[in-house]
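Here the structure comes first, spelled out in structure tokens, and everything after it is commentary.
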2 protein chains.
Amino acid sequence: MRSVPEAIDKQKLQTLAEFRYMLRRFLHFSEEAARKADLPTQQHQLLLQIAGVPDEVAPTISYLAERLGLRHHSVVELSKRCQEQGLILRTHASLDRRCVVLQVTLKGERRLKELSDDHARELYELAPQLIRALTQIQSLGCKKATAGLSTRKIEK
Amino acid sequence: MRSVPEAIDKQKLQTLAEFRYMLRRFLHFSEEAARKADLPTQQHQLLLQIAGVPDEVAPTISYLAERLGLRHHSVVELSKRCQEQGLILRTHASLDRRCVVLQVTLKGERRLKELSDDHARELYELAPQLIRALTQIQSLGCKKATAGLSTRKIEK
DNA sequence: GACGTTATATCGTATTGCGATACATTGGGA
DNA sequence: TCCCAATGTATCGCAATACGATATAACGTC
């Protein structure tokens with residue numbers, strides 16, 4: 001009976017689009033917040049990942065590249081900018097002098113703290129919606145390419 | 001009893017950092033997927049938001065700017081690129097000829113569909129982790145702005 | 001039919017991440 | 001010890017793209 005696969009697709013697209021929209025909203029908030037604090041987004045992210053490093057890990061260039069989803073040389077440049085602003089320190093690890101270990105300065109810490117508080121609050125607001133969107137996506141994903149099933153369209 | 005505010009902060013930063021890391025991971029996956037499909041990320045996002053538009057809304061430049069978190073003129077340029085690739089159509093609305101309405105072509109639809117399936121699958125995998133991170137943040141957020149900042153300096 | 005408003009378009013600029021490539025440090029074997 | 005491959009970081013030039021400032025077009029109203 002065909003069961004309107006178009007409707008399934010539309011539903012799926014709307015769900016994905018909505019999720020992305022929410023992500024954008026959060027990211028946009030984050031960028032705005034950083035900009036108000038006069039701190040480029042990426043610098044904020046670098047600070048966050050340095051400060052939020054697990055206790056047993058050393059925050060090296062490479063580690064941060066992985067965490068930020070960047071190539072290492074992008075992090076080199078990014079960290080250079082942060083250093084110029086006096087937000088972080090760069091020191092060669094004494095054990096392996098190839099490694100550069102990053103460290104947030106007091107100034108950087110202050111900047112980061114405000115932003116983190118704001119972010120925590122904003123996420124506290126957005127979390128329910130994000131979770132809802134994710135749950136919806138999960139329920140989509142369940143029907144693993146089961147072509148048939150008569151999903152009744154909910155929309156409109 | 002002071003209760004080691006440093007530890008709280010550290011915990012908070014780690015939680016936020018972890019959340020951002022997961023977002024990056026997803027965004028990175030998304031960019032990769034789009035690139036494999038030979039489609040710039042932003043073009044993919046534009047297609048998604050056009051295709052996933054609620055039934056009662058007209059996908060105009062302005063609407064999409066809001067959805068994508070961009071300024072309208074950025075969307076103008078983006079949509080121009082998409083049009084050049086034959087992924088979308090741009091037509092002036094007959095009612096209000098100022099408005100440009102965007103529409104995904106068959107070609108665009110095909111490209112989008114593959115990507116959407118991949119994304120739905122990936123999100124199905126990531127959703128539990130994301131939800132966990134969000135839940136953790138929610139539990140942080142409860143303790144509303146406790147001012148006392150006896151941050152001990154780490155820098156040398 | 002002039003005006004303020006809304007919607008889209010154009011241009012020049014600045015940021016920034018990347019590929020290619022180079023340099024520095026390390027550990028290990030001849 | 002010296003050489004070398006592996007690993008980690010740095011530099012350079014480039015390309016993509018989002019933005020601000022500004023311009024054009026269509027609308028509704030008086």
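Residues in the structure tokens are numbered from 1 in each chain, the chains being A, B, ... in the order shown, and ligands are numbered from 1 in the order shown.
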Enumerate, in order of chain and increasing residue number, the residues of chain B with an atom no farther than 8 Å from chain A, each with its shortest atom pair and distance in Å to one decimal, counting only C-alpha atoms, as CSV.
residue,atom,partner,partner_atom,distance
B:Lys10,CA,A:Gly52,CA,6.6
B:Gln11,CA,A:Gly52,CA,7.8
B:Leu13,CA,A:Gly52,CA,4.8
B:Gln14,CA,A:Gly52,CA,4.1
B:Thr15,CA,A:Gly52,CA,7.5
B:Leu16,CA,A:Ala120,CA,7.5
B:Ala17,CA,A:Gln49,CA,5.5
B:Glu18,CA,A:Gly52,CA,7.8
B:Tyr21,CA,A:Arg67,CA,5.8
B:Arg24,CA,A:Gly69,CA,6.3
B:Arg25,CA,A:Gly69,CA,7.1
B:His28,CA,A:Gly69,CA,6.8
B:Leu48,CA,A:Ala17,CA,5.9
B:Gln49,CA,A:Ala17,CA,5.5
B:Ala51,CA,A:Leu13,CA,6.6
B:Gly52,CA,A:Gln14,CA,4.1
B:Val53,CA,A:Gln14,CA,6.5
B:Pro54,CA,A:Gln14,CA,7.1
B:Asp55,CA,A:Lys156,CA,7.3
B:Arg67,CA,A:Tyr21,CA,5.8
B:Leu68,CA,A:Arg24,CA,6.7
B:Gly69,CA,A:Arg24,CA,6.2
B:Ser116,CA,A:Leu13,CA,7.2
B:Ala120,CA,A:Gly141,CA,6.1
B:Arg121,CA,A:Gly141,CA,6.1
B:Leu123,CA,A:Ile137,CA,7.2
B:Tyr124,CA,A:Gln138,CA,5.1
B:Ala127,CA,A:Leu134,CA,5.8
B:Ile131,CA,A:Ile131,CA,5.9
B:Leu134,CA,A:Ala127,CA,5.8
B:Thr135,CA,A:Ala127,CA,7.5
B:Ile137,CA,A:Tyr124,CA,6.6
B:Gln138,CA,A:Tyr124,CA,5.1
B:Leu140,CA,A:Ala120,CA,7.5
B:Gly141,CA,A:Tyr124,CA,5.7
B:Lys144,CA,A:Arg121,CA,7.9
B:Ala145,CA,A:Asp117,CA,7.3
B:Lys153,CA,A:Leu106,CA,6.1
B:Ile154,CA,A:Leu106,CA,7.2
B:Glu155,CA,A:Thr105,CA,5.3
How would the residues just chosen look if you wrote them out with N, CA and C atoms as a short mmCIF file (atom, residue, chain, number, x, y, z; two decimals), in the first residue's frame?
data_model
loop_
_atom_site.label_atom_id
_atom_site.label_comp_id
_atom_site.auth_asym_id
_atom_site.auth_seq_id
_atom_site.Cartn_x
_atom_site.Cartn_y
_atom_site.Cartn_z
N LYS B 10 36.28 22.95 38.62
CA LYS B 10 36.97 22.01 37.74
C LYS B 10 35.97 21.04 37.13
N GLN B 11 35.11 20.55 37.99
CA GLN B 11 34.09 19.62 37.53
C GLN B 11 33.22 20.26 36.46
N LEU B 13 33.92 22.80 34.51
CA LEU B 13 34.68 23.01 33.29
C LEU B 13 34.85 21.71 32.52
N GLN B 14 35.11 20.65 33.25
CA GLN B 14 35.28 19.36 32.58
C GLN B 14 33.98 18.94 31.90
N THR B 15 32.90 19.18 32.58
CA THR B 15 31.61 18.81 32.01
C THR B 15 31.31 19.60 30.75
N LEU B 16 31.50 20.91 30.84
CA LEU B 16 31.27 21.76 29.68
C LEU B 16 32.21 21.39 28.53
N ALA B 17 33.46 21.17 28.87
CA ALA B 17 34.44 20.82 27.85
C ALA B 17 34.05 19.52 27.16
N GLU B 18 33.61 18.59 27.96
CA GLU B 18 33.23 17.30 27.39
C GLU B 18 32.04 17.46 26.44
N TYR B 21 33.17 18.95 23.28
CA TYR B 21 33.91 17.95 22.53
C TYR B 21 32.97 17.05 21.75
N ARG B 24 31.57 18.93 18.81
CA ARG B 24 32.59 18.96 17.77
C ARG B 24 32.63 17.66 17.01
N ARG B 25 32.60 16.60 17.76
CA ARG B 25 32.66 15.29 17.12
C ARG B 25 31.52 15.14 16.12
N HIS B 28 32.03 17.50 13.26
CA HIS B 28 33.11 17.00 12.42
C HIS B 28 32.62 15.87 11.53
N LEU B 48 19.19 21.30 3.94
CA LEU B 48 18.44 20.67 5.03
C LEU B 48 17.36 21.60 5.56
N GLN B 49 17.71 22.85 5.76
CA GLN B 49 16.73 23.77 6.33
C GLN B 49 15.63 24.12 5.33
N ALA B 51 14.57 21.98 2.98
CA ALA B 51 13.77 20.76 2.87
C ALA B 51 12.98 20.48 4.14
N GLY B 52 13.54 20.93 5.26
CA GLY B 52 12.88 20.63 6.52
C GLY B 52 12.01 21.77 7.02
N VAL B 53 11.66 22.64 6.14
CA VAL B 53 10.85 23.79 6.54
C VAL B 53 9.45 23.32 6.98
N PRO B 54 8.95 23.89 8.07
CA PRO B 54 7.58 23.54 8.49
C PRO B 54 6.59 23.85 7.36
N ASP B 55 5.53 23.09 7.29
CA ASP B 55 4.61 23.19 6.16
C ASP B 55 4.00 24.57 5.98
N ARG B 67 17.31 30.63 10.61
CA ARG B 67 17.51 29.20 10.89
C ARG B 67 18.98 28.79 10.91
N LEU B 68 19.74 29.44 10.04
CA LEU B 68 21.15 29.07 9.94
C LEU B 68 22.03 29.92 10.85
N GLY B 69 21.41 30.89 11.49
CA GLY B 69 22.18 31.76 12.35
C GLY B 69 23.13 32.64 11.58
N SER B 116 21.27 12.80 4.91
CA SER B 116 20.34 12.77 6.03
C SER B 116 20.28 11.39 6.66
N ALA B 120 21.22 10.70 10.48
CA ALA B 120 20.27 10.08 11.40
C ALA B 120 20.93 8.88 12.09
N ARG B 121 21.66 8.12 11.31
CA ARG B 121 22.34 6.96 11.89
C ARG B 121 23.36 7.39 12.93
N LEU B 123 23.61 10.13 14.58
CA LEU B 123 22.99 10.72 15.77
C LEU B 123 22.36 9.65 16.64
N TYR B 124 21.87 8.64 16.00
CA TYR B 124 21.30 7.54 16.76
C TYR B 124 22.36 6.94 17.67
N ALA B 127 23.42 9.98 20.31
CA ALA B 127 22.37 10.54 21.17
C ALA B 127 22.54 10.19 22.65
N ILE B 131 22.94 13.03 25.42
CA ILE B 131 21.92 13.17 26.45
C ILE B 131 22.55 13.06 27.83
N LEU B 134 24.25 16.29 28.61
CA LEU B 134 23.27 17.33 28.90
C LEU B 134 22.67 17.15 30.28
N THR B 135 22.39 15.93 30.63
CA THR B 135 21.83 15.65 31.94
C THR B 135 22.79 16.08 33.04
N ILE B 137 25.00 18.37 32.83
CA ILE B 137 25.00 19.83 32.88
C ILE B 137 23.79 20.34 33.64
N GLN B 138 22.69 19.69 33.43
CA GLN B 138 21.48 20.09 34.16
C GLN B 138 21.70 20.02 35.66
N LEU B 140 24.44 20.32 37.17
CA LEU B 140 25.34 21.41 37.56
C LEU B 140 24.55 22.69 37.76
N GLY B 141 23.77 22.97 36.72
CA GLY B 141 23.09 24.26 36.63
C GLY B 141 22.25 24.61 37.84
N LYS B 144 22.77 27.60 40.81
CA LYS B 144 22.62 29.04 40.56
C LYS B 144 23.63 30.04 41.09
N ALA B 145 24.62 30.35 40.35
CA ALA B 145 25.44 31.53 40.59
C ALA B 145 25.85 31.77 42.04
N LYS B 153 45.15 30.69 42.32
CA LYS B 153 45.85 30.82 41.04
C LYS B 153 46.73 29.61 40.77
N ILE B 154 46.76 29.23 39.53
CA ILE B 154 47.55 28.08 39.15
C ILE B 154 48.84 28.51 38.46
N GLU B 155 48.74 29.62 37.77
CA GLU B 155 49.86 30.04 36.94
C GLU B 155 51.11 30.29 37.74
#
Original post:
Which chain D residues are at most 10 Å from chain A (counting only C-alpha atoms (C1' of nucleotides)), as a PyMOL selection string?
Top reply: chain D and resi 7-11
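Residue neighbourhood of segment 9-20 of chain C, excluding near-sequence residues (fewer than 3 positions): Gln42, Leu70, Arg71, His73, Ser74, Val75, Glu77 and Leu78 of chain A; His73, Val76 and Glu77 of chain B; DC12, DG13, DC14, DA15, DA16, DT17, DA18, DC19, DG20, DA21, DT22, DA23, DT24 and DA25 of chain D, at 10 Å, using only C-alpha atoms (C1' of nucleotides).
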Polymer residues at most 12 Å from DT1 of chain D, only C-alpha atoms (C1' of nucleotides), same-chain spacing of 2 or more positions, as a short mmCIF file (atom, residue, chain, number, x, y, z; two decimals) with all heavy atoms, in the first residue's frame:
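The result, written out as part-v7.cif:
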data_model
loop_
_atom_site.label_atom_id
_atom_site.label_comp_id
_atom_site.auth_asym_id
_atom_site.auth_seq_id
_atom_site.Cartn_x
_atom_site.Cartn_y
_atom_site.Cartn_z
P DG C 29 66.46 -1.29 19.51
OP1 DG C 29 65.31 -2.18 19.27
OP2 DG C 29 67.18 -1.32 20.80
"O5'" DG C 29 67.52 -1.54 18.33
"C5'" DG C 29 67.10 -1.35 16.98
"C4'" DG C 29 68.30 -1.01 16.11
"O4'" DG C 29 68.84 0.28 16.51
"C3'" DG C 29 69.46 -2.01 16.22
"O3'" DG C 29 70.00 -2.23 14.93
"C2'" DG C 29 70.45 -1.30 17.12
"C1'" DG C 29 70.23 0.16 16.72
N9 DG C 29 70.60 1.13 17.75
C8 DG C 29 70.30 1.08 19.09
N7 DG C 29 70.76 2.10 19.75
C5 DG C 29 71.42 2.86 18.80
C6 DG C 29 72.12 4.09 18.94
O6 DG C 29 72.31 4.76 19.95
N1 DG C 29 72.64 4.52 17.71
C2 DG C 29 72.49 3.86 16.52
N2 DG C 29 73.05 4.42 15.45
N3 DG C 29 71.84 2.71 16.38
C4 DG C 29 71.33 2.28 17.56
P DA C 30 70.97 -3.38 14.63
OP1 DA C 30 70.34 -4.25 13.60
OP2 DA C 30 71.38 -3.94 15.92
"O5'" DA C 30 72.19 -2.63 13.95
"C5'" DA C 30 71.98 -1.84 12.78
"C4'" DA C 30 73.27 -1.10 12.42
"O4'" DA C 30 73.53 -0.09 13.43
"C3'" DA C 30 74.52 -2.00 12.37
"O3'" DA C 30 75.37 -1.56 11.33
"C2'" DA C 30 75.16 -1.77 13.73
"C1'" DA C 30 74.77 -0.33 14.05
N9 DA C 30 74.56 -0.08 15.49
C8 DA C 30 73.86 -0.87 16.36
N7 DA C 30 73.81 -0.40 17.58
C5 DA C 30 74.52 0.78 17.51
C6 DA C 30 74.84 1.75 18.47
N6 DA C 30 74.46 1.67 19.74
N1 DA C 30 75.57 2.81 18.06
C2 DA C 30 75.95 2.89 16.77
N3 DA C 30 75.70 2.03 15.78
C4 DA C 30 74.98 1.00 16.22
P DC D 3 76.77 10.87 11.60
OP1 DC D 3 77.67 11.00 10.44
OP2 DC D 3 76.27 12.06 12.31
"O5'" DC D 3 75.53 9.97 11.18
"C5'" DC D 3 75.74 8.59 10.87
"C4'" DC D 3 74.40 7.88 10.79
"O4'" DC D 3 73.88 7.66 12.11
"C3'" DC D 3 73.32 8.64 10.02
"O3'" DC D 3 72.69 7.74 9.12
"C2'" DC D 3 72.38 9.15 11.09
"C1'" DC D 3 72.52 8.08 12.18
N1 DC D 3 72.29 8.55 13.56
C2 DC D 3 71.54 7.76 14.45
O2 DC D 3 71.06 6.69 14.04
N3 DC D 3 71.34 8.19 15.72
C4 DC D 3 71.87 9.36 16.12
N4 DC D 3 71.65 9.74 17.38
C5 DC D 3 72.63 10.17 15.24
C6 DC D 3 72.81 9.74 13.98
#
Subject >> Atomic distance atom CA of Thr41 of chain A - atom CA of Ser30 of chain B, expressed in Å with one decimal >> reply: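 Going from atom CA of Thr41 of chain A over to atom CA of Ser30 of chain B covers 20.0 Å.
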**OP:** Find the residues near segment 3-6 of chain C: any atom within 9 Å, counting only C-alpha atoms (C1' of nucleotides), skip ones fewer than 2 places away on the same chain, and give them as a PyMOL selection string.
**Re:** (chain B and resi 98) or (chain D and resi 26-28)
Original post:
Quick one: of A:Cys82, A:Leu115, A:Leu95, A:Leu102, who's nearest to chain C, counting only C-alpha atoms (C1' of nucleotides)?
Top reply: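 Using only C-alpha atoms (C1' of nucleotides), chain C sits closest to A:Leu95.
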